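start.cif (mmCIF, N, CA and C atoms) appears below.
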```cif
data_data
#
loop_
_atom_site.label_atom_id
_atom_site.label_comp_id
_atom_site.auth_asym_id
_atom_site.auth_seq_id
_atom_site.Cartn_x
_atom_site.Cartn_y
_atom_site.Cartn_z
N MET A 19 10.70 89.81 42.15
CA MET A 19 11.89 90.40 41.54
C MET A 19 12.45 89.44 40.51
N ASP A 20 12.96 90.04 39.47
CA ASP A 20 13.56 89.28 38.38
C ASP A 20 15.06 89.57 38.41
N LEU A 21 15.82 88.72 39.12
CA LEU A 21 17.27 88.90 39.25
C LEU A 21 17.96 87.77 38.50
N CYS A 22 18.78 88.13 37.52
CA CYS A 22 19.46 87.12 36.71
C CYS A 22 20.77 86.67 37.36
N ASP A 23 21.38 85.66 36.75
CA ASP A 23 22.65 85.12 37.24
C ASP A 23 23.70 86.22 37.36
N GLY A 24 24.48 86.14 38.40
CA GLY A 24 25.59 87.06 38.56
C GLY A 24 25.21 88.40 39.16
N THR A 25 23.98 88.58 39.61
CA THR A 25 23.59 89.83 40.26
C THR A 25 24.20 89.87 41.65
N VAL A 26 24.87 90.99 41.96
CA VAL A 26 25.50 91.17 43.27
C VAL A 26 24.97 92.46 43.87
N GLY A 27 24.52 92.37 45.11
CA GLY A 27 24.04 93.56 45.80
C GLY A 27 24.67 93.65 47.17
N SER A 28 25.08 94.84 47.55
CA SER A 28 25.62 95.07 48.88
C SER A 28 24.50 94.87 49.90
N PHE A 29 24.88 94.49 51.12
CA PHE A 29 23.89 94.31 52.18
C PHE A 29 23.14 95.61 52.47
N SER A 30 23.76 96.75 52.22
CA SER A 30 23.09 98.02 52.50
C SER A 30 22.39 98.61 51.28
N SER A 31 22.41 97.92 50.16
CA SER A 31 21.65 98.40 49.00
C SER A 31 20.17 98.10 49.26
N LYS A 32 19.30 98.86 48.61
CA LYS A 32 17.88 98.73 48.88
C LYS A 32 17.11 98.49 47.59
N LEU A 33 16.42 97.36 47.52
CA LEU A 33 15.55 97.04 46.40
C LEU A 33 14.12 97.17 46.91
N ASP A 34 13.32 97.96 46.23
CA ASP A 34 11.97 98.31 46.67
C ASP A 34 11.09 97.08 46.85
N LYS A 35 10.67 96.84 48.09
CA LYS A 35 9.81 95.69 48.38
C LYS A 35 8.33 96.06 48.32
N THR A 36 8.02 97.34 48.10
CA THR A 36 6.63 97.75 47.95
C THR A 36 6.05 97.19 46.65
N ASN A 37 6.88 97.15 45.61
CA ASN A 37 6.49 96.59 44.31
C ASN A 37 7.64 95.71 43.81
N PRO A 38 7.91 94.59 44.47
CA PRO A 38 9.08 93.78 44.09
C PRO A 38 8.99 93.20 42.68
N ARG A 39 7.80 92.99 42.17
CA ARG A 39 7.65 92.46 40.80
C ARG A 39 8.11 93.46 39.75
N GLY A 40 8.33 94.69 40.15
CA GLY A 40 8.74 95.73 39.21
C GLY A 40 10.23 95.84 39.01
N ILE A 41 11.02 95.01 39.68
CA ILE A 41 12.48 95.07 39.54
C ILE A 41 12.93 93.98 38.59
N HIS A 42 13.61 94.39 37.50
CA HIS A 42 14.13 93.47 36.49
C HIS A 42 15.60 93.79 36.29
N ILE A 43 16.47 92.91 36.78
CA ILE A 43 17.91 93.14 36.72
C ILE A 43 18.56 92.04 35.89
N GLY A 44 19.35 92.45 34.89
CA GLY A 44 20.02 91.53 33.99
C GLY A 44 21.23 90.85 34.61
N LYS A 45 21.96 90.13 33.78
CA LYS A 45 23.13 89.38 34.24
C LYS A 45 24.31 90.29 34.57
N TYR A 46 25.05 89.87 35.59
CA TYR A 46 26.32 90.48 35.97
C TYR A 46 26.20 91.98 36.28
N ILE A 47 25.31 92.26 37.20
CA ILE A 47 25.09 93.63 37.68
C ILE A 47 25.59 93.71 39.11
N VAL A 48 26.18 94.84 39.48
CA VAL A 48 26.53 95.07 40.87
C VAL A 48 25.80 96.33 41.34
N VAL A 49 25.14 96.21 42.48
CA VAL A 49 24.46 97.34 43.12
C VAL A 49 25.22 97.57 44.43
N THR A 50 25.95 98.67 44.50
CA THR A 50 26.86 98.89 45.62
C THR A 50 26.15 99.50 46.82
N PHE A 51 26.91 99.72 47.90
CA PHE A 51 26.34 100.09 49.19
C PHE A 51 25.54 101.39 49.14
N GLY A 52 24.38 101.33 49.80
CA GLY A 52 23.53 102.50 49.91
C GLY A 52 22.71 102.83 48.70
N ALA A 53 22.88 102.12 47.59
CA ALA A 53 22.09 102.41 46.39
C ALA A 53 20.66 101.93 46.58
N ALA A 54 19.71 102.64 45.97
CA ALA A 54 18.30 102.28 46.09
C ALA A 54 17.67 102.20 44.71
N ILE A 55 16.90 101.14 44.51
CA ILE A 55 16.13 100.97 43.27
C ILE A 55 14.67 101.02 43.67
N LEU A 56 13.97 102.07 43.24
CA LEU A 56 12.58 102.30 43.62
C LEU A 56 11.64 101.94 42.49
N THR A 57 10.53 101.29 42.83
CA THR A 57 9.55 100.90 41.81
C THR A 57 8.15 101.39 42.12
N HIS A 58 8.01 102.23 43.12
CA HIS A 58 6.69 102.79 43.41
C HIS A 58 6.79 104.28 43.64
N ASP A 59 5.73 104.95 43.27
CA ASP A 59 5.59 106.39 43.45
C ASP A 59 4.44 106.58 44.43
N TYR A 60 4.76 106.75 45.68
CA TYR A 60 3.75 106.84 46.73
C TYR A 60 2.83 108.05 46.56
N VAL A 61 3.40 109.19 46.20
CA VAL A 61 2.63 110.42 46.07
C VAL A 61 1.57 110.32 44.99
N ASN A 62 1.93 109.74 43.84
CA ASN A 62 0.99 109.63 42.71
C ASN A 62 0.28 108.28 42.65
N LYS A 63 0.52 107.43 43.66
CA LYS A 63 -0.11 106.12 43.76
C LYS A 63 0.06 105.30 42.49
N ARG A 64 1.34 105.18 42.05
CA ARG A 64 1.67 104.41 40.84
C ARG A 64 2.82 103.47 41.09
N ASP A 65 2.74 102.31 40.48
CA ASP A 65 3.86 101.37 40.44
C ASP A 65 4.45 101.42 39.04
N ARG A 66 5.77 101.51 38.94
CA ARG A 66 6.45 101.55 37.64
C ARG A 66 7.64 100.62 37.69
N ASP A 67 7.81 99.82 36.65
CA ASP A 67 8.92 98.86 36.59
C ASP A 67 10.24 99.55 36.31
N VAL A 68 11.32 98.96 36.84
CA VAL A 68 12.69 99.40 36.57
C VAL A 68 13.41 98.24 35.90
N TYR A 69 14.09 98.53 34.80
CA TYR A 69 14.85 97.53 34.05
C TYR A 69 16.31 97.95 34.02
N ILE A 70 17.19 97.01 34.35
CA ILE A 70 18.64 97.24 34.27
C ILE A 70 19.20 96.14 33.39
N GLY A 71 19.96 96.53 32.35
CA GLY A 71 20.51 95.59 31.38
C GLY A 71 21.59 94.70 31.96
N VAL A 72 22.51 94.26 31.12
CA VAL A 72 23.60 93.38 31.55
C VAL A 72 24.90 94.17 31.70
N ASN A 73 25.79 93.66 32.56
CA ASN A 73 27.13 94.23 32.76
C ASN A 73 27.10 95.70 33.18
N CYS A 74 26.28 96.01 34.18
CA CYS A 74 26.15 97.39 34.66
C CYS A 74 26.68 97.52 36.08
N PHE A 75 27.06 98.74 36.43
CA PHE A 75 27.54 99.08 37.76
C PHE A 75 26.67 100.21 38.30
N ILE A 76 26.06 99.99 39.46
CA ILE A 76 25.25 101.02 40.11
C ILE A 76 26.03 101.50 41.33
N GLY A 77 26.50 102.75 41.29
CA GLY A 77 27.41 103.29 42.29
C GLY A 77 26.77 103.54 43.65
N ALA A 78 27.61 103.72 44.63
CA ALA A 78 27.20 103.92 46.02
C ALA A 78 26.24 105.09 46.17
N HIS A 79 25.20 104.87 46.95
CA HIS A 79 24.20 105.88 47.30
C HIS A 79 23.46 106.46 46.10
N SER A 80 23.46 105.75 44.99
CA SER A 80 22.67 106.18 43.83
C SER A 80 21.21 105.84 44.08
N ILE A 81 20.34 106.56 43.39
CA ILE A 81 18.90 106.29 43.47
C ILE A 81 18.38 106.13 42.05
N ILE A 82 17.74 104.99 41.79
CA ILE A 82 17.11 104.74 40.50
C ILE A 82 15.61 104.90 40.73
N LEU A 83 15.00 105.88 40.08
CA LEU A 83 13.59 106.17 40.31
C LEU A 83 12.68 105.26 39.48
N PRO A 84 11.41 105.15 39.88
CA PRO A 84 10.47 104.27 39.19
C PRO A 84 10.34 104.59 37.70
N GLY A 85 10.21 103.54 36.89
CA GLY A 85 9.98 103.70 35.45
C GLY A 85 11.22 103.84 34.61
N VAL A 86 12.39 103.78 35.21
CA VAL A 86 13.65 103.98 34.49
C VAL A 86 14.14 102.67 33.88
N THR A 87 14.69 102.77 32.67
CA THR A 87 15.37 101.66 32.03
C THR A 87 16.83 102.04 31.84
N ILE A 88 17.73 101.19 32.33
CA ILE A 88 19.17 101.40 32.17
C ILE A 88 19.65 100.34 31.19
N GLY A 89 20.25 100.76 30.10
CA GLY A 89 20.69 99.85 29.05
C GLY A 89 21.88 99.01 29.46
N ASP A 90 22.30 98.13 28.56
CA ASP A 90 23.46 97.26 28.80
C ASP A 90 24.74 98.09 28.89
N ASN A 91 25.71 97.58 29.65
CA ASN A 91 27.05 98.16 29.72
C ASN A 91 27.06 99.61 30.19
N CYS A 92 26.29 99.90 31.24
CA CYS A 92 26.22 101.26 31.77
C CYS A 92 26.88 101.35 33.14
N ILE A 93 27.34 102.55 33.45
CA ILE A 93 27.91 102.85 34.75
C ILE A 93 27.15 104.04 35.31
N VAL A 94 26.59 103.86 36.52
CA VAL A 94 25.93 104.94 37.23
C VAL A 94 26.88 105.33 38.36
N SER A 95 27.40 106.55 38.31
CA SER A 95 28.40 106.94 39.31
C SER A 95 27.75 107.18 40.67
N ALA A 96 28.58 107.24 41.70
CA ALA A 96 28.11 107.37 43.07
C ALA A 96 27.23 108.60 43.25
N ALA A 97 26.19 108.44 44.07
CA ALA A 97 25.27 109.50 44.48
C ALA A 97 24.48 110.11 43.33
N SER A 98 24.34 109.39 42.24
CA SER A 98 23.55 109.87 41.11
C SER A 98 22.07 109.58 41.36
N VAL A 99 21.22 110.45 40.84
CA VAL A 99 19.78 110.24 40.91
C VAL A 99 19.29 110.08 39.48
N VAL A 100 18.93 108.84 39.12
CA VAL A 100 18.56 108.52 37.75
C VAL A 100 17.05 108.70 37.61
N VAL A 101 16.65 109.72 36.85
CA VAL A 101 15.23 110.06 36.70
C VAL A 101 14.66 109.72 35.33
N ARG A 102 15.56 109.41 34.37
CA ARG A 102 15.10 109.06 33.02
C ARG A 102 15.95 107.93 32.47
N ASP A 103 15.50 107.35 31.37
CA ASP A 103 16.19 106.21 30.77
C ASP A 103 17.64 106.54 30.43
N VAL A 104 18.49 105.51 30.55
CA VAL A 104 19.93 105.64 30.25
C VAL A 104 20.23 104.75 29.05
N PRO A 105 20.73 105.33 27.95
CA PRO A 105 21.05 104.52 26.77
C PRO A 105 22.20 103.55 27.04
N ALA A 106 22.20 102.44 26.34
CA ALA A 106 23.26 101.44 26.48
C ALA A 106 24.63 102.07 26.25
N GLY A 107 25.63 101.60 26.99
CA GLY A 107 27.00 102.08 26.83
C GLY A 107 27.22 103.49 27.33
N SER A 108 26.52 103.88 28.38
CA SER A 108 26.63 105.25 28.89
C SER A 108 27.17 105.27 30.31
N LEU A 109 27.86 106.35 30.64
CA LEU A 109 28.24 106.64 32.01
C LEU A 109 27.43 107.85 32.42
N VAL A 110 26.67 107.74 33.52
CA VAL A 110 25.85 108.86 33.98
C VAL A 110 26.30 109.28 35.36
N THR A 111 26.11 110.56 35.66
CA THR A 111 26.47 111.10 36.96
C THR A 111 25.62 112.32 37.26
N GLY A 112 25.43 112.61 38.54
CA GLY A 112 24.78 113.84 38.96
C GLY A 112 23.36 113.68 39.44
N ASN A 113 22.77 114.83 39.80
CA ASN A 113 21.39 114.90 40.26
C ASN A 113 20.73 116.09 39.58
N PRO A 114 19.91 115.83 38.56
CA PRO A 114 19.56 114.54 37.98
C PRO A 114 20.73 113.99 37.16
N ALA A 115 20.77 112.66 37.05
CA ALA A 115 21.87 112.02 36.31
C ALA A 115 21.83 112.40 34.85
N ARG A 116 22.99 112.73 34.32
CA ARG A 116 23.13 113.06 32.90
C ARG A 116 24.24 112.20 32.30
N VAL A 117 24.10 111.92 31.02
CA VAL A 117 25.13 111.15 30.32
C VAL A 117 26.35 112.04 30.14
N VAL A 118 27.50 111.57 30.63
CA VAL A 118 28.74 112.32 30.48
C VAL A 118 29.72 111.59 29.57
N GLU A 119 29.42 110.33 29.26
CA GLU A 119 30.28 109.57 28.37
C GLU A 119 29.44 108.55 27.61
N HIS A 120 29.71 108.43 26.31
CA HIS A 120 29.02 107.48 25.44
C HIS A 120 29.98 106.36 25.05
N ASN A 121 29.45 105.31 24.46
CA ASN A 121 30.25 104.19 23.94
C ASN A 121 31.14 103.56 25.00
N VAL A 122 30.66 103.48 26.22
CA VAL A 122 31.40 102.83 27.30
C VAL A 122 31.33 101.33 27.07
N LYS A 123 32.45 100.67 27.22
CA LYS A 123 32.53 99.21 27.10
C LYS A 123 32.79 98.64 28.48
N THR A 124 31.95 97.71 28.90
CA THR A 124 32.14 97.09 30.21
C THR A 124 32.14 95.57 30.09
N GLU A 125 32.74 94.96 31.09
CA GLU A 125 32.72 93.51 31.23
C GLU A 125 31.77 93.20 32.38
N HIS A 126 31.83 91.98 32.90
CA HIS A 126 30.95 91.62 34.00
C HIS A 126 31.07 92.62 35.15
N TYR A 127 29.92 92.91 35.76
CA TYR A 127 29.79 93.79 36.92
C TYR A 127 30.15 95.25 36.63
N GLY A 128 30.08 95.64 35.36
CA GLY A 128 30.30 97.03 35.00
C GLY A 128 31.74 97.48 35.04
N VAL A 129 32.68 96.54 35.09
CA VAL A 129 34.09 96.91 35.08
C VAL A 129 34.46 97.32 33.66
N ARG A 130 35.09 98.47 33.52
CA ARG A 130 35.46 98.95 32.18
C ARG A 130 36.34 97.94 31.47
N SER A 131 36.07 97.75 30.21
CA SER A 131 36.84 96.82 29.40
C SER A 131 38.18 97.45 29.03
N SER A 132 39.25 96.69 29.18
CA SER A 132 40.56 97.20 28.81
C SER A 132 40.92 96.83 27.38
N ARG A 133 40.03 96.05 26.74
CA ARG A 133 40.30 95.64 25.36
C ARG A 133 40.11 96.80 24.40
N ALA A 134 41.02 96.94 23.46
CA ALA A 134 40.90 97.98 22.44
C ALA A 134 39.85 97.55 21.43
N THR A 135 39.05 98.52 20.98
CA THR A 135 38.02 98.22 19.99
C THR A 135 38.29 98.91 18.69
#
```

Re-express the file's structure as structure tokens.
Amino acid sequence: MDLCDGTVGSFSSKLDKTNPRGIHIGKYIVVTFGAAILTHDYVNKRDRDVYIGVNCFIGAHSIILPGVTIGDNCIVSAASVVVRDVPAGSLVTGNPARVVEHNVKTEHYGVRSSRAT
């Protein structure tokens, strides 16, 4: 696993140990309780890397599927199922997760920035 400085994970979050080399998490990320980051596809017998940028928040009970890239400054809301790439500065929600907000500004750990831009 490639975990950068400031990565925080809840004890109940799950990082896929079937393909641990496939997890790449940037600086100042929080993975909250019950969230899962998957890097293998058992049915199709494939391993796919997952990349998460910097200053992101992964909400409770979310699932990040194999092969997904989440850009910098993103928020994944609770119980979302992320099946495709998430552009930087996005808030995604739902199953499947869809972008509901663009140009999101976050600070460390995906906390929304209160600074005016």

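Considering only C-alpha atoms, the residue among A:Arg116, A:His79, A:Arg64, A:Lys45 positioned nearest to Asp23 in chain A is A:Lys45.
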
Point to revise | the PyMOL selection byres (((chain A and resi 123 and name CA) around 10) and name CA) resolved against shown file, as a PyMOL selection string | key: chain A and resi 73+90-93+106-109+120-122+124-125+128-135

Exercise for review: Go through chain A and collect every residue that DSSP, computed from the backbone, puts in helix (DSSP H, G or I); the answer should be as a ChimeraX atom specification.
Suggested key: /A:38-40,126-128

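Comparing the minimum interatomic distances between Thr50 in chain A and each of A:Gly27, A:Pro84, A:Pro38, A:Pro114, counting only N, CA and C atoms, we find that A:Gly27 sits nearest.
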
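Residue nearest Thr57 in chain A within the list A:Thr25, A:Ser95, A:Thr36, A:Asn113: A:Thr36 [criterion: smallest interatomic distance, all atoms listed in the file].
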
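Minimum distance to Ser80 in chain A across A:Gly52, A:His42, A:Asp34, A:Tyr60 (counting only N, CA and C atoms) occurs at A:Gly52.
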
Review point. A:Ile47, A:Val104, A:Ile55, A:Val61: which is nearest Ile81 in chain A, counting only N, CA and C atoms?
Key: A:Ile55

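Interatomic distance, atom N of Ala54 in chain A to atom C of Gly24 in chain A: 16.7 Å.
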
Check your understanding: What is the distance between CA of Phe51 in chain A and CA of Pro105 in chain A, in Å to one decimal?
Key -> 23.5 Å

Review point. As a VMD selection string, which residues of chain A does DSSP assign to strand (DSSP E)?
Key: chain A and resid 20 to 21 26 to 27 32 to 33 41 to 43 48 to 49 54 to 55 58 to 59 64 to 65 68 to 70 75 to 76 81 to 82 87 to 88 93 to 94 99 to 100 109 to 111 116 to 119

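CA of Lys35 in chain A lies 23.1 Å from CA of Tyr127 in chain A.
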
Check your understanding: Out of A:Val100, A:Val49, A:Thr87, A:Val117, which residue has the shortest atom-to-atom distance to Asp67 in chain A when counting only N, CA and C atoms?
Key -> A:Thr87

Completion step: range 104-115 of chain A with all heavy atoms as an mmCIF file, keeping the file's coordinate frame:
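Output contents, as saved in part_11.cif:
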```cif
data_model
loop_
_atom_site.group_PDB
_atom_site.id
_atom_site.type_symbol
_atom_site.label_atom_id
_atom_site.label_comp_id
_atom_site.auth_asym_id
_atom_site.auth_seq_id
_atom_site.Cartn_x
_atom_site.Cartn_y
_atom_site.Cartn_z
ATOM 1 N N VAL A 104 18.490 105.510 30.550
ATOM 2 C CA VAL A 104 19.930 105.640 30.250
ATOM 3 C C VAL A 104 20.230 104.750 29.050
ATOM 4 O O VAL A 104 20.007 103.548 29.103
ATOM 5 C CB VAL A 104 20.775 105.202 31.468
ATOM 6 C CG1 VAL A 104 22.252 105.257 31.131
ATOM 7 C CG2 VAL A 104 20.451 106.047 32.690
ATOM 8 N N PRO A 105 20.730 105.330 27.950
ATOM 9 C CA PRO A 105 21.050 104.520 26.770
ATOM 10 C C PRO A 105 22.200 103.550 27.040
ATOM 11 O O PRO A 105 23.078 103.824 27.867
ATOM 12 C CB PRO A 105 21.459 105.540 25.703
ATOM 13 C CG PRO A 105 21.287 106.886 26.293
ATOM 14 C CD PRO A 105 21.000 106.743 27.745
ATOM 15 N N ALA A 106 22.200 102.440 26.340
ATOM 16 C CA ALA A 106 23.260 101.440 26.480
ATOM 17 C C ALA A 106 24.630 102.070 26.250
ATOM 18 O O ALA A 106 24.786 102.987 25.434
ATOM 19 C CB ALA A 106 23.037 100.302 25.489
ATOM 20 N N GLY A 107 25.630 101.600 26.990
ATOM 21 C CA GLY A 107 27.000 102.080 26.830
ATOM 22 C C GLY A 107 27.220 103.490 27.330
ATOM 23 O O GLY A 107 28.044 104.218 26.784
ATOM 24 N N SER A 108 26.520 103.880 28.380
ATOM 25 C CA SER A 108 26.630 105.250 28.890
ATOM 26 C C SER A 108 27.170 105.270 30.310
ATOM 27 O O SER A 108 26.963 104.339 31.078
ATOM 28 C CB SER A 108 25.268 105.937 28.901
ATOM 29 O OG SER A 108 24.753 106.069 27.612
ATOM 30 N N LEU A 109 27.860 106.350 30.640
ATOM 31 C CA LEU A 109 28.240 106.640 32.010
ATOM 32 C C LEU A 109 27.430 107.850 32.420
ATOM 33 O O LEU A 109 27.445 108.871 31.714
ATOM 34 C CB LEU A 109 29.729 106.938 32.116
ATOM 35 C CG LEU A 109 30.257 107.155 33.540
ATOM 36 C CD1 LEU A 109 31.698 106.660 33.632
ATOM 37 C CD2 LEU A 109 30.177 108.584 33.973
ATOM 38 N N VAL A 110 26.670 107.740 33.520
ATOM 39 C CA VAL A 110 25.850 108.860 33.980
ATOM 40 C C VAL A 110 26.300 109.280 35.360
ATOM 41 O O VAL A 110 26.793 108.478 36.155
ATOM 42 C CB VAL A 110 24.338 108.528 33.984
ATOM 43 C CG1 VAL A 110 23.848 108.262 32.581
ATOM 44 C CG2 VAL A 110 24.012 107.371 34.904
ATOM 45 N N THR A 111 26.110 110.560 35.660
ATOM 46 C CA THR A 111 26.470 111.100 36.960
ATOM 47 C C THR A 111 25.620 112.320 37.260
ATOM 48 O O THR A 111 25.130 112.990 36.344
ATOM 49 C CB THR A 111 27.971 111.466 37.020
ATOM 50 O OG1 THR A 111 28.318 111.791 38.359
ATOM 51 C CG2 THR A 111 28.335 112.588 36.091
ATOM 52 N N GLY A 112 25.430 112.610 38.540
ATOM 53 C CA GLY A 112 24.780 113.840 38.960
ATOM 54 C C GLY A 112 23.360 113.680 39.440
ATOM 55 O O GLY A 112 22.811 112.586 39.503
ATOM 56 N N ASN A 113 22.770 114.830 39.800
ATOM 57 C CA ASN A 113 21.390 114.900 40.260
ATOM 58 C C ASN A 113 20.730 116.090 39.580
ATOM 59 O O ASN A 113 20.990 117.227 39.935
ATOM 60 C CB ASN A 113 21.346 115.076 41.769
ATOM 61 C CG ASN A 113 19.941 115.176 42.304
ATOM 62 O OD1 ASN A 113 18.971 115.038 41.587
ATOM 63 N ND2 ASN A 113 19.835 115.438 43.603
ATOM 64 N N PRO A 114 19.910 115.830 38.560
ATOM 65 C CA PRO A 114 19.560 114.540 37.980
ATOM 66 C C PRO A 114 20.730 113.990 37.160
ATOM 67 O O PRO A 114 21.547 114.747 36.650
ATOM 68 C CB PRO A 114 18.358 114.831 37.097
ATOM 69 C CG PRO A 114 18.553 116.253 36.680
ATOM 70 C CD PRO A 114 19.218 116.930 37.862
ATOM 71 N N ALA A 115 20.770 112.660 37.050
ATOM 72 C CA ALA A 115 21.870 112.020 36.310
ATOM 73 C C ALA A 115 21.830 112.400 34.850
ATOM 74 O O ALA A 115 20.762 112.414 34.232
ATOM 75 C CB ALA A 115 21.787 110.502 36.472
#
```
